[in-house]
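Visitor: I am sharing coords.txt, which consists of compact mmCIF, C-alpha atoms and all ligand atoms:
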```txt
# COMPACT_ATOMS: atom_id res chain seq x y z
CA MET R 1 32.35 -13.97 0.33
CA ARG R 2 32.27 -17.09 2.38
CA LEU R 3 31.62 -17.83 6.02
CA LYS R 4 34.11 -20.47 7.04
CA ARG R 5 33.55 -20.65 10.74
CA LEU R 6 30.98 -19.29 13.13
CA LYS R 7 31.10 -19.04 16.86
CA LEU R 8 28.12 -17.90 18.93
CA ARG R 9 27.85 -17.40 22.66
CA ASP R 10 24.49 -16.60 24.21
CA PHE R 11 22.98 -15.25 21.04
CA ARG R 12 19.19 -15.81 21.18
CA ASN R 13 18.68 -19.52 21.90
CA TYR R 14 22.30 -20.42 21.05
CA GLU R 15 24.23 -20.94 24.24
CA ARG R 16 27.27 -22.25 22.39
CA LEU R 17 27.87 -22.83 18.74
CA ASP R 18 31.21 -23.57 17.09
CA LEU R 19 30.88 -24.71 13.56
CA GLU R 20 32.68 -24.76 10.21
CA PHE R 21 30.67 -24.23 7.06
CA PRO R 22 31.45 -25.36 3.54
CA ALA R 23 30.71 -23.36 0.38
CA GLY R 24 27.52 -23.97 -1.59
CA ILE R 25 23.99 -24.37 -0.36
CA ILE R 26 23.66 -24.94 3.37
CA VAL R 27 20.24 -26.01 4.57
CA LEU R 28 18.99 -25.36 8.08
CA ALA R 29 16.01 -27.58 8.71
CA GLY R 30 13.93 -27.78 11.84
CA ALA R 31 10.65 -27.20 13.56
CA ASN R 32 9.16 -23.80 14.40
CA GLY R 33 11.11 -22.13 17.16
CA ALA R 34 14.21 -24.32 16.72
CA GLY R 35 16.60 -21.44 16.03
CA LYS R 36 16.90 -21.39 12.25
CA SER R 37 16.11 -17.70 11.81
CA ASN R 38 18.22 -16.90 14.87
CA LEU R 39 21.28 -18.29 13.15
CA LEU R 40 20.72 -16.20 10.03
CA GLU R 41 20.02 -13.23 12.24
CA ALA R 42 23.44 -13.66 13.86
CA ILE R 43 25.21 -13.66 10.50
CA HIS R 44 23.14 -10.70 9.35
CA TYR R 45 24.00 -8.92 12.58
CA LEU R 46 27.70 -9.24 11.89
CA SER R 47 27.10 -7.99 8.38
CA TYR R 48 24.95 -4.92 9.06
CA LEU R 49 25.48 -4.47 12.82
CA LYS R 50 21.77 -4.70 13.29
CA SER R 51 19.06 -7.27 13.37
CA PHE R 52 16.52 -7.82 10.64
CA ARG R 53 13.91 -8.35 13.33
CA THR R 54 14.46 -5.88 16.12
CA ASN R 55 15.98 -2.50 16.85
CA ARG R 56 16.69 -3.50 20.43
CA ASP R 57 20.16 -4.98 20.79
CA ARG R 58 19.28 -6.48 24.16
CA GLU R 59 16.64 -8.73 22.68
CA VAL R 60 19.19 -10.88 20.92
CA VAL R 61 21.19 -11.65 24.07
CA ARG R 62 20.14 -15.01 25.49
CA TYR R 63 17.63 -14.66 28.32
CA SER R 64 19.30 -13.64 31.62
CA CYS R 65 22.80 -13.54 30.11
CA PRO R 66 25.11 -10.49 30.39
CA LEU R 67 26.39 -10.51 26.82
CA ALA R 68 26.21 -12.11 23.41
CA LEU R 69 29.10 -12.86 21.10
CA ILE R 70 29.20 -13.46 17.36
CA GLU R 71 32.56 -14.33 15.88
CA ALA R 72 33.31 -15.39 12.34
CA ARG R 73 36.17 -16.40 10.15
CA LEU R 74 35.46 -15.30 6.62
CA ALA R 75 37.12 -15.44 3.26
CA ASP R 76 36.64 -12.91 0.52
CA ASP R 77 36.36 -14.00 -3.09
CA ASP R 78 40.16 -14.08 -3.47
CA GLU R 79 40.24 -16.50 -0.53
CA ARG R 80 41.82 -13.87 1.73
CA PRO R 81 40.72 -14.77 5.23
CA PHE R 82 39.61 -12.26 7.84
CA ASP R 83 38.03 -12.35 11.27
CA ALA R 84 35.06 -10.37 12.47
CA ARG R 85 33.82 -10.27 16.02
CA LEU R 86 30.95 -8.57 17.73
CA VAL R 87 30.10 -8.45 21.40
CA LEU R 88 26.77 -7.05 22.57
CA LYS R 89 26.84 -5.99 26.14
CA SER R 90 24.58 -3.64 28.08
CA GLY R 91 23.03 -2.42 24.86
CA LYS R 92 26.46 -1.51 23.40
CA ARG R 93 28.26 -3.01 20.43
CA HIS R 94 31.96 -3.83 20.54
CA VAL R 95 33.37 -4.65 17.15
CA ARG R 96 36.67 -6.11 16.06
CA LEU R 97 38.12 -6.74 12.65
CA ASN R 98 41.20 -8.97 12.53
CA GLY R 99 41.72 -8.38 16.23
CA ASN R 100 41.58 -4.59 16.01
CA ASP R 101 38.89 -2.58 17.76
CA ILE R 102 36.67 -0.69 15.36
CA THR R 103 35.18 2.57 16.53
CA ARG R 104 33.67 3.86 13.31
CA PHE R 105 31.00 1.36 12.38
CA GLN R 106 30.98 2.52 8.78
CA ASP R 107 34.50 1.04 8.47
CA PHE R 108 33.03 -2.31 9.35
CA ILE R 109 29.56 -2.54 7.85
CA GLY R 110 29.65 -4.35 4.55
CA ARG R 111 32.99 -6.09 5.16
CA LEU R 112 30.96 -9.22 5.62
CA HIS R 113 28.77 -8.61 2.64
CA SER R 114 25.46 -10.42 2.70
CA GLN R 115 22.09 -10.15 1.05
CA PHE R 116 19.14 -11.56 2.87
CA PHE R 117 15.55 -12.41 2.45
CA PHE R 118 13.15 -13.10 5.28
CA PRO R 119 9.35 -13.19 5.33
CA GLY R 120 9.09 -9.64 6.72
CA ASP R 121 11.16 -8.41 3.79
CA LEU R 122 7.90 -8.08 1.91
CA THR R 123 7.57 -4.68 3.58
CA LEU R 124 10.37 -3.61 1.26
CA LEU R 125 7.72 -3.72 -1.44
CA THR R 126 4.58 -2.88 0.45
CA GLY R 127 5.94 -0.55 3.11
CA ASP R 128 7.08 3.05 3.22
CA PRO R 129 9.19 4.42 0.33
CA THR R 130 11.86 5.33 2.89
CA LEU R 131 12.84 1.66 3.03
CA ARG R 132 13.35 1.48 -0.71
CA ARG R 133 15.31 4.71 -0.85
CA GLU R 134 17.53 3.44 1.95
CA VAL R 135 18.34 0.24 0.10
CA LEU R 136 19.10 2.13 -3.10
CA ASP R 137 21.30 4.62 -1.28
CA LEU R 138 23.15 1.96 0.66
CA GLU R 139 23.94 0.15 -2.55
CA LEU R 140 24.96 3.35 -4.31
CA LEU R 141 27.34 4.23 -1.52
CA ARG R 142 28.78 0.75 -1.59
CA LEU R 143 29.46 1.02 -5.30
CA LYS R 144 30.51 4.69 -5.20
CA PRO R 145 31.73 5.76 -1.76
CA VAL R 146 32.72 9.14 -3.25
CA LEU R 147 29.03 10.04 -3.20
CA LEU R 148 28.97 10.33 0.58
CA PRO R 149 29.68 14.10 0.62
CA VAL R 150 26.90 14.65 -1.93
CA TYR R 151 24.42 12.95 0.39
CA GLN R 152 25.70 14.97 3.33
CA LYS R 153 25.35 18.16 1.31
CA PHE R 154 21.81 17.27 0.33
CA ARG R 155 20.76 16.35 3.87
CA ASN R 156 22.25 19.54 5.20
CA ALA R 157 20.61 21.75 2.53
CA LEU R 158 17.26 20.06 3.16
CA LYS R 159 17.49 20.51 6.89
CA GLN R 160 18.48 24.17 6.61
CA ARG R 161 15.87 24.86 3.98
CA ASN R 162 13.15 23.30 6.13
CA SER R 163 14.25 25.39 9.12
CA VAL R 164 14.07 28.53 7.00
CA LEU R 165 10.59 27.55 5.80
CA LYS R 166 9.45 27.19 9.40
CA LEU R 167 10.78 30.67 10.20
CA LEU R 168 9.41 32.18 7.02
CA TYR R 169 5.97 30.75 7.73
CA PRO R 170 5.57 30.93 11.52
CA GLN R 171 2.09 29.50 11.02
CA PRO R 172 0.76 27.45 8.11
CA GLY R 173 0.08 29.79 5.20
CA ARG R 174 1.13 32.97 7.05
CA ARG R 175 4.36 34.65 6.07
CA HIS R 176 6.79 36.40 8.39
CA ASN R 177 6.25 40.18 8.27
CA ARG R 178 9.92 40.97 7.50
CA PRO R 179 10.86 38.15 5.19
CA VAL R 180 13.75 39.67 3.17
CA ASP R 181 16.70 37.89 4.83
CA LEU R 182 14.73 34.70 5.12
CA LEU R 183 13.91 34.77 1.43
CA LYS R 184 17.58 35.24 0.61
CA ALA R 185 18.52 32.28 2.80
CA LEU R 186 15.77 30.21 1.22
CA GLU R 187 17.13 30.99 -2.22
CA ALA R 188 20.66 29.98 -1.22
CA TYR R 189 19.54 26.67 0.29
CA THR R 190 17.29 26.02 -2.68
CA GLU R 191 20.32 26.22 -4.98
CA GLN R 192 22.31 23.87 -2.74
CA LEU R 193 19.35 21.51 -2.63
CA ILE R 194 19.09 21.51 -6.40
CA GLY R 195 22.83 20.96 -6.87
CA ALA R 196 23.06 17.92 -4.61
CA GLY R 197 19.51 16.74 -5.29
CA VAL R 198 20.02 16.52 -9.03
CA ALA R 199 23.22 14.51 -8.51
CA ILE R 200 21.38 12.07 -6.25
CA MET R 201 18.42 11.68 -8.59
CA ARG R 202 20.81 11.01 -11.49
CA GLU R 203 22.74 8.40 -9.52
CA ARG R 204 19.59 6.72 -8.29
CA ARG R 205 18.15 6.64 -11.77
CA GLY R 206 21.46 5.13 -12.95
CA ILE R 207 21.60 2.42 -10.32
CA THR R 208 17.94 1.57 -10.85
CA LYS R 209 18.75 1.02 -14.51
CA VAL R 210 21.68 -1.31 -13.87
CA LEU R 211 19.80 -3.10 -11.10
CA ASN R 212 16.87 -3.54 -13.45
CA GLU R 213 19.19 -5.17 -15.99
CA GLN R 214 19.90 -7.81 -13.36
CA PHE R 215 16.38 -7.91 -11.94
CA VAL R 216 14.32 -8.46 -15.10
CA PRO R 217 16.08 -11.64 -16.32
CA LEU R 218 16.28 -12.98 -12.76
CA TYR R 219 12.57 -12.46 -12.26
CA ALA R 220 11.91 -14.09 -15.62
CA ARG R 221 13.94 -17.11 -14.52
CA LEU R 222 11.85 -17.40 -11.37
CA ALA R 223 8.43 -16.94 -12.99
CA PRO R 224 6.99 -19.53 -15.39
CA PRO R 225 7.76 -19.09 -19.12
CA GLU R 226 4.43 -17.43 -19.98
CA GLY R 227 4.19 -15.76 -16.59
CA GLU R 228 4.16 -12.15 -15.50
CA SER R 229 7.09 -9.79 -15.85
CA VAL R 230 8.26 -7.35 -13.21
CA SER R 231 10.65 -4.46 -13.64
CA LEU R 232 12.07 -1.64 -11.54
CA ARG R 233 11.51 2.04 -12.13
CA TYR R 234 12.80 5.11 -10.36
CA LEU R 235 9.80 7.26 -9.55
CA SER R 236 10.15 10.97 -9.02
CA ALA R 237 7.81 13.93 -9.16
CA VAL R 238 10.62 15.68 -11.01
CA PRO R 239 10.66 14.79 -14.73
CA LEU R 240 14.04 13.04 -15.12
CA GLU R 241 14.25 13.30 -18.90
CA PRO R 242 15.80 14.90 -20.81
CA ASP R 243 18.81 14.80 -18.57
CA ASP R 244 20.00 18.31 -19.35
CA GLN R 245 16.65 19.67 -18.16
CA LEU R 246 16.77 17.89 -14.81
CA ALA R 247 18.02 20.85 -12.76
CA ALA R 248 15.59 23.21 -14.51
CA ASN R 249 12.72 20.80 -13.88
CA TYR R 250 13.58 20.51 -10.22
CA ARG R 251 13.81 24.29 -9.87
CA ARG R 252 10.46 24.72 -11.60
CA LEU R 253 8.75 22.17 -9.36
CA LEU R 254 10.17 23.79 -6.25
CA SER R 255 8.88 27.17 -7.33
CA GLU R 256 5.48 25.69 -8.22
CA SER R 257 5.22 24.14 -4.76
CA GLN R 258 5.57 27.44 -2.91
CA GLU R 259 1.98 27.39 -1.75
CA THR R 260 2.18 23.84 -0.46
CA GLU R 261 5.45 24.67 1.27
CA ALA R 262 3.82 27.67 2.89
CA SER R 263 1.13 25.52 4.45
CA LEU R 264 3.18 22.41 5.21
CA ARG R 265 6.39 24.29 6.11
CA PHE R 266 8.78 21.75 4.64
CA THR R 267 10.28 20.83 1.29
CA THR R 268 7.85 18.61 -0.57
CA VAL R 269 9.72 17.72 -3.77
CA GLY R 270 13.07 16.08 -4.34
CA PRO R 271 14.98 12.86 -3.87
CA HIS R 272 13.81 12.61 -0.24
CA ARG R 273 10.29 12.00 -1.58
CA ASP R 274 11.13 9.73 -4.51
CA ASP R 275 10.49 6.02 -4.71
CA LEU R 276 11.52 2.81 -6.37
CA GLY R 277 8.60 1.23 -8.18
CA PHE R 278 8.05 -2.46 -8.86
CA ILE R 279 6.09 -2.57 -12.09
CA LEU R 280 3.94 -5.54 -13.04
CA ASP R 281 3.72 -6.37 -16.76
CA GLY R 282 5.11 -2.99 -17.72
CA GLU R 283 2.30 -0.83 -16.36
CA ARG R 284 0.87 -1.68 -12.96
CA ASP R 285 2.09 -1.23 -9.43
CA LEU R 286 2.99 -4.68 -8.11
CA LYS R 287 2.21 -3.70 -4.56
CA ARG R 288 -1.41 -3.00 -5.49
CA TYR R 289 -2.07 -5.66 -8.09
CA GLY R 290 0.44 -8.43 -7.44
CA SER R 291 -0.40 -11.69 -5.68
CA GLN R 292 1.31 -12.61 -2.44
CA GLY R 293 3.53 -15.12 -4.23
CA GLN R 294 4.44 -12.60 -6.93
CA GLN R 295 5.31 -9.97 -4.34
CA ARG R 296 7.46 -12.42 -2.46
CA SER R 297 9.15 -13.42 -5.70
CA ALA R 298 9.86 -9.77 -6.47
CA ALA R 299 11.24 -8.96 -3.01
CA LEU R 300 13.48 -11.99 -3.20
CA THR R 301 14.55 -11.24 -6.77
CA PHE R 302 15.44 -7.73 -5.68
CA ARG R 303 17.93 -9.11 -3.14
CA LEU R 304 19.28 -11.52 -5.74
CA ALA R 305 19.67 -8.63 -8.17
CA LEU R 306 21.64 -6.66 -5.56
CA ALA R 307 23.88 -9.70 -5.11
CA ALA R 308 24.33 -10.08 -8.86
CA LEU R 309 25.18 -6.39 -9.21
CA SER R 310 27.77 -6.63 -6.48
CA ARG R 311 29.27 -9.65 -8.18
CA GLN R 312 29.39 -7.84 -11.50
CA ARG R 313 30.69 -4.49 -10.27
CA LEU R 314 32.82 -5.35 -7.26
CA SER R 315 33.68 -9.00 -8.01
CA ASP R 316 32.16 -9.70 -4.63
CA ASP R 317 29.59 -12.45 -4.34
CA PRO R 318 27.74 -11.78 -1.08
CA LEU R 319 26.54 -14.47 1.28
CA LEU R 320 22.89 -15.18 0.66
CA LEU R 321 20.77 -15.60 3.76
CA LEU R 322 17.37 -16.90 2.75
CA ASP R 323 15.00 -17.32 5.63
CA ASP R 324 11.97 -19.37 4.76
CA ALA R 325 12.25 -18.11 1.20
CA LEU R 326 10.57 -21.06 -0.47
CA SER R 327 7.25 -21.03 1.33
CA GLU R 328 4.31 -19.57 -0.56
CA MET R 329 6.10 -20.25 -3.83
CA ASP R 330 4.68 -22.82 -6.17
CA ASP R 331 6.85 -25.89 -6.83
CA GLU R 332 8.12 -24.59 -10.16
CA ARG R 333 9.35 -21.37 -8.55
CA LYS R 334 11.04 -23.27 -5.77
CA GLN R 335 13.02 -25.30 -8.30
CA ARG R 336 13.95 -22.22 -10.26
CA LEU R 337 15.06 -20.36 -7.18
CA LEU R 338 17.30 -23.23 -6.19
CA ALA R 339 18.87 -23.24 -9.65
CA ILE R 340 19.74 -19.55 -9.15
CA CYS R 341 21.11 -20.24 -5.66
CA ARG R 342 23.47 -22.84 -7.04
CA GLN R 343 25.30 -20.12 -8.92
CA HIS R 344 26.23 -18.31 -5.73
CA ARG R 345 29.22 -19.06 -3.62
CA GLN R 346 27.49 -19.65 -0.33
CA VAL R 347 23.80 -19.70 0.48
CA PHE R 348 22.12 -20.35 3.81
CA ILE R 349 18.54 -21.41 3.43
CA THR R 350 16.10 -22.33 6.17
CA SER R 351 12.98 -24.43 6.03
CA ALA R 352 10.50 -25.86 8.49
CA SER R 353 9.00 -28.18 5.88
CA GLN R 354 10.36 -31.68 5.33
CA ARG R 355 8.99 -31.64 1.80
CA GLU R 356 10.99 -28.52 1.02
CA VAL R 357 14.08 -29.96 2.61
CA ASP R 358 13.73 -33.07 0.44
CA LEU R 359 13.54 -30.78 -2.57
CA ILE R 360 16.67 -28.81 -1.68
CA SER R 361 18.78 -31.64 -0.30
CA PRO R 362 20.06 -33.02 -3.62
CA LEU R 363 21.50 -29.56 -4.44
CA ALA R 364 22.86 -28.81 -0.98
CA THR R 365 26.41 -29.24 0.27
CA VAL R 366 25.15 -29.93 3.74
CA VAL R 367 21.84 -30.18 5.57
CA TYR R 368 21.72 -29.38 9.28
CA THR R 369 18.93 -30.20 11.60
CA VAL R 370 18.37 -27.41 14.09
CA GLU R 371 16.86 -28.18 17.46
CA ASP R 372 16.83 -25.99 20.55
CA GLY R 373 19.82 -23.96 19.43
CA LEU R 374 21.91 -26.96 18.43
CA LEU R 375 22.94 -27.95 14.92
CA ALA R 376 23.57 -31.52 13.83
CA PRO R 377 24.24 -32.79 10.31
CA ALA R 378 20.98 -34.33 9.10
CA GLY R 379 20.93 -38.08 9.20
CA SER R 380 23.68 -38.22 11.81
CA GLY R 381 21.13 -39.34 14.38
CA GLN R 382 22.29 -36.81 16.96
N1 LIG R 401 17.02 -13.66 23.64
C1 LIG R 401 16.67 -14.93 23.56
N2 LIG R 401 17.18 -15.84 24.42
C2 LIG R 401 16.83 -17.14 24.37
N3 LIG R 401 15.98 -17.63 23.47
C3 LIG R 401 15.43 -16.77 22.58
C4 LIG R 401 15.76 -15.40 22.57
N4 LIG R 401 15.07 -14.79 21.59
C5 LIG R 401 14.35 -15.75 21.01
N5 LIG R 401 14.56 -16.95 21.60
C6 LIG R 401 13.95 -18.23 21.26
O1 LIG R 401 14.27 -18.56 19.92
C7 LIG R 401 13.18 -19.29 19.36
C8 LIG R 401 12.86 -18.75 18.00
O2 LIG R 401 13.89 -19.07 17.16
P1 LIG R 401 13.80 -18.82 15.60
O3 LIG R 401 13.07 -17.58 15.29
O4 LIG R 401 15.18 -18.95 15.08
O5 LIG R 401 12.92 -20.06 15.16
P2 LIG R 401 12.85 -20.71 13.72
O6 LIG R 401 13.61 -22.00 13.78
O7 LIG R 401 13.25 -19.76 12.69
O8 LIG R 401 11.30 -21.03 13.65
P3 LIG R 401 10.22 -20.80 12.47
O9 LIG R 401 10.25 -22.06 11.65
O10 LIG R 401 8.94 -20.68 13.18
O11 LIG R 401 10.60 -19.60 11.70
C9 LIG R 401 12.00 -19.15 20.30
O12 LIG R 401 11.77 -20.39 20.90
C10 LIG R 401 12.44 -18.13 21.32
O13 LIG R 401 11.98 -18.44 22.60
MG MG R 402 12.18 -18.61 11.37
```
Can you give me the file's structure in the form of structure tokens?
Ligand SMILES: Nc1ncnc2c1ncn2[C@@H]1O[C@H](COP(=O)(O)OP(=O)(O)OP(=O)(O)O)[C@@H](O)[C@H]1O
Ligand SMILES: [Mg+2]
Guide:
Amino acid sequence: MRLKRLKLRDFRNYERLDLEFPAGIIVLAGANGAGKSNLLEAIHYLSYLKSFRTNRDREVVRYSCPLALIEARLADDDERPFDARLVLKSGKRHVRLNGNDITRFQDFIGRLHSQFFFPGDLTLLTGDPTLRREVLDLELLRLKPVLLPVYQKFRNALKQRNSVLKLLYPQPGRRHNRPVDLLKALEAYTEQLIGAGVAIMRERRGITKVLNEQFVPLYARLAPPEGESVSLRYLSAVPLEPDDQLAANYRRLLSESQETEASLRFTTVGPHRDDLGFILDGERDLKRYGSQGQQRSAALTFRLALAALSRQRLSDDPLLLLDDALSEMDDERKQRLLAICRQHRQVFITSASQREVDLISPLATVVYTVEDGLLAPAGSGQ
């Protein structure tokens, strides 16, 4: 994937931007508040139809302006060009692909495939497991869109089962006095939950394994030779091995959790409670024991591993959007990260530090200086 041209109108502090971008490493240098992250945010917006910083669409429209526009000419990895366009107006999104209006956003998301890293991405590691499940599921669905009905089936079974639990236990720990029909319904939804749940756990375990095959060597390339190792592990309360026992294990755990379910009145085991673990040196939880720099390295490597997997499986090398990715890394790691970046088709990387910019410049195709929402090639004196 490559971004060939970008046009912005009234997006954050960009009143007008019309610019062509080459392949390779593109550096956005500039002081705090210049608009470096804003530019990456715009590209990310077109990719995911949401910001990496806010849930409020209005925030990204330039102060006092009625609408914001992001328009891009892109080329996929076979050099087939396509145009994507997004207008944000009155809190609504209007999307076009090659001039055609798009009404179902799922037809659009992922067309401009990007992977990003920004300082807040550390919450991917340290935050709620929901975030990690979401990333895994998004990637699974990208690789295997046929799984969508399985997810729908699981969500539906879970919702219904939880409703039945609430009816069956009108108050925590106290069962309905005529529970027969409710128990039958519970049993039916339990079977549906197990059917779809087992499929999801299997797929997630599978994708964690292939992602880990990308992640481990990438992390090793980033860390010093004798440094720490980090790996990924799918974590579930349900014993995942042996595989042919998975459904039986899930059923057993559900039946063992009856008491908890009676007091909490919702389903407490299954893929909706699982997690993706980042494991330090084979045994410890990185989010508890890792240093800030190690955690940042791992969050970044995770995005790089997703990009590598996409390249391997879909022959699609996503745009890399790296916002302030080098800070807090020691000099060795910076160099190693840049070596990895060079192997990608197009990488946008921001920095507010002249020292960092000097480090990246020899490897970059172009360096832009950003100032007040304007970009000028560095050294052009503009
Ligand atoms: N909706 C908006 N309209 C106009 N300007 C905005 C809007 N939202 C944010 N800004 C401005 O954008 C600037 C922040 O830009 P950005 O986050 O891209 O900075 P940056 O170059 O990444 O800085 P840093 O190095 O600190 O990360 C702020 O000055 C802010 O006032
Ligand atoms: Mg920034």
Visitor: For chain R against ligand LIG 401 (chain R), with a cut-off of 7 Å and counting all atoms listed in the file, what is the closest atom pair and its distance in Å to one decimal for every residue that makes the cut, ordered by chain and number, as CSV?
Guide:
```
residue,atom,partner,partner_atom,distance
R:Phe11,CA,R:LIG401,N1,6.7
R:Arg12,CA,R:LIG401,C1,3.6
R:Asn13,CA,R:LIG401,N3,3.7
R:Gly30,CA,R:LIG401,O6,6.1
R:Ala31,CA,R:LIG401,O9,5.5
R:Asn32,CA,R:LIG401,O10,3.4
R:Gly33,CA,R:LIG401,O5,3.4
R:Ala34,CA,R:LIG401,O6,3.8
R:Gly35,CA,R:LIG401,O4,3.0
R:Lys36,CA,R:LIG401,O6,3.7
R:Ser37,CA,R:LIG401,O4,3.6
R:Asn38,CA,R:LIG401,O4,3.7
R:Leu39,CA,R:LIG401,O4,6.4
R:Glu59,CA,R:LIG401,N1,5.0
R:Val60,CA,R:LIG401,N1,4.5
R:Val61,CA,R:LIG401,N1,4.6
R:Arg62,CA,R:LIG401,N2,3.3
R:Tyr63,CA,R:LIG401,N2,4.1
R:Ser351,CA,R:LIG401,O9,6.7
R:Ala352,CA,R:LIG401,O9,4.9
```
Visitor: Restricting the calculation to only C-alpha atoms, which member of R:Asn177, R:Thr190, R:Ser236, R:Ser47 is positioned closest to Asp274 of chain R?
Guide: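 Ranking R:Asn177, R:Thr190, R:Ser236, R:Ser47 by distance to Asp274 of chain R, first place goes to R:Ser236.
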Visitor: Near Pro224 of chain R, counting all atoms listed in the file, which residues have an atom at most 12 Å away, once you skip same-chain residues fewer than 5 positions from it, shown as a VMD selection string?
Guide: chain R and resid 218 to 219 229 294 297 329 to 337
Visitor: Which residue is closest to Phe278 of chain R? Choose from R:Thr54, R:Thr126, R:Ser263, R:Gln292 and count all atoms listed in the file.
Guide: R:Thr126
Visitor: Residues of segment 257-370 of chain R within 6 Å of segment 22-27 of chain R: nearest atom pair and distance (Å, one decimal) for each, counting all atoms listed in the file, sorted by chain and number, as a Markdown table?
Guide:
```
| residue | atom | partner | partner_atom | distance |
| --- | --- | --- | --- | --- |
| R:Arg345 | CA | R:Gly24 | CA | 5.6 |
| R:Gln346 | CA | R:Gly24 | CA | 4.5 |
| R:Val347 | CA | R:Ile25 | CA | 4.7 |
| R:Phe348 | CA | R:Ile26 | CA | 4.9 |
| R:Ile349 | CA | R:Val27 | CA | 5.0 |
| R:Thr350 | CA | R:Val27 | CA | 5.8 |
| R:Ala364 | CA | R:Ile25 | CA | 4.6 |
| R:Thr365 | CA | R:Ile25 | CA | 5.5 |
| R:Val366 | CA | R:Ile26 | CA | 5.2 |
| R:Val367 | CA | R:Val27 | CA | 4.6 |
| R:Tyr368 | CA | R:Val27 | CA | 6.0 |
```
Visitor: Around (6.3, -1.6, -3.0), as given in the file, which residues come within 8 Å? Count only C-alpha atoms and list them as a PyMOL selection string.
Guide: chain R and resi 123-129+276-278+285-287
Visitor: Just give me the gap between atom CA of Leu147 of chain R and atom CA of Lys209 of chain R in Å, one decimal is fine.
Guide: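 Separation of atom CA of Leu147 of chain R and atom CA of Lys209 of chain R: 17.7 Å.
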Visitor: Could you work out how far atom CA of Ala262 of chain R lies from atom CA of Asn162 of chain R, giving the answer in Å with one decimal?
Guide: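 If I compute the distance from atom CA of Asn162 of chain R to atom CA of Ala262 of chain R, I get 10.8 Å.
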Visitor: Atom CA of Val216 of chain R to atom CA of Asp281 of chain R: how many Å, to one decimal?
Guide: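 If I compute the distance from atom CA of Val216 of chain R to atom CA of Asp281 of chain R, I get 10.9 Å.
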Visitor: Around segment 236-241 of chain R, fit a box with edges along x, y and z, padding it by 4 Å on each side, then list its centre and edge lengths in Å to one decimal as JSON.
Guide:
```
{"center_x": 11.0, "center_y": 13.3, "center_z": -14.0, "size_x": 14.4, "size_y": 12.7, "size_z": 17.9}
```
Visitor: Extract, using only C-alpha atoms, all DNA, RNA and protein residues at most 10 Å from Asp181 of chain R, discarding same-chain residues fewer than 4 positions from it, and format them as a PDB file with C-alpha atoms, keeping the file's coordinate frame.
Guide:
```
ATOM      1  CA  VAL R 164      14.070  28.530   7.000  1.00  0.00           C
ATOM      2  CA  LEU R 168       9.410  32.180   7.020  1.00  0.00           C
ATOM      3  CA  ALA R 185      18.520  32.280   2.800  1.00  0.00           C
ATOM      4  CA  LEU R 186      15.770  30.210   1.220  1.00  0.00           C
ATOM      5  CA  GLU R 187      17.130  30.990  -2.220  1.00  0.00           C
TER       6      GLU R 187
END
```
Visitor: Could you list, as a list in words, every residue within 9 Å of Asp10 of chain R, counting all atoms listed in the file and ignoring same-chain residues fewer than 4 positions away?
Guide: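 With the cut-off at 9 Å, the set is Tyr14, Glu15, Arg16, Leu17, Val60, Val61, Arg62, Tyr63, Cys65, Pro66, Leu67, Ala68, Leu69 and Ile70 of chain R.
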Visitor: Quick one: everything within 8 Å of segment 130-144 of chain R, counting all atoms listed in the file, minus sequence neighbours fewer than 6 positions away in the same chain. Send it as a ChimeraX atom specification.
Guide: /R:124,203-204,207-208,274-276,306,310,313-314
Visitor: Neighbouring residues of His176 of chain R were defined as those with any atom within 12 Å, considering only C-alpha atoms; residues of the same chain fewer than 4 positions away were excluded. Please report them as a PyMOL selection string.
Guide: chain R and resi 164-172+180-183+262
Visitor: Using all atoms listed in the file, list the residues that have an atom at most 6 Å from (8.4, -2.5, -13.4), coordinates as in the file, as a PDB file with C-alpha atoms, in the coordinates of the input.
Guide:
```
ATOM      1  CA  VAL R 230       8.260  -7.350 -13.210  1.00  0.00           C
ATOM      2  CA  SER R 231      10.650  -4.460 -13.640  1.00  0.00           C
ATOM      3  CA  LEU R 232      12.070  -1.640 -11.540  1.00  0.00           C
ATOM      4  CA  ARG R 233      11.510   2.040 -12.130  1.00  0.00           C
ATOM      5  CA  PHE R 278       8.050  -2.460  -8.860  1.00  0.00           C
ATOM      6  CA  ILE R 279       6.090  -2.570 -12.090  1.00  0.00           C
ATOM      7  CA  LEU R 280       3.940  -5.540 -13.040  1.00  0.00           C
ATOM      8  CA  GLY R 282       5.110  -2.990 -17.720  1.00  0.00           C
TER       9      GLY R 282
END
```
Visitor: Could you check the closest approach to ligand MG 402 (chain R) for each of R:Ala307, R:Ile102, R:Ala376, R:Ala325 and tell me which residue wins, using all atoms listed in the file?
Guide: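 The closest residue to ligand MG 402 (chain R) is R:Ala325.
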Visitor: Measuring between all atoms listed in the file, which one of R:Glu213, R:Glu283, R:Glu191, R:Asp323 shows the shortest distance to ligand MG 402 (chain R)?
Guide: R:Asp323
Visitor: Which residue gives the smallest distance to ligand MG 402 (chain R) among R:Val210, R:Ala378, R:Leu28, R:Leu253, with only C-alpha atoms and all ligand atoms counted?
Guide: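 Checking each of R:Val210, R:Ala378, R:Leu28, R:Leu253 against ligand MG 402 (chain R), counting only C-alpha atoms and all ligand atoms, the winner is R:Leu28.
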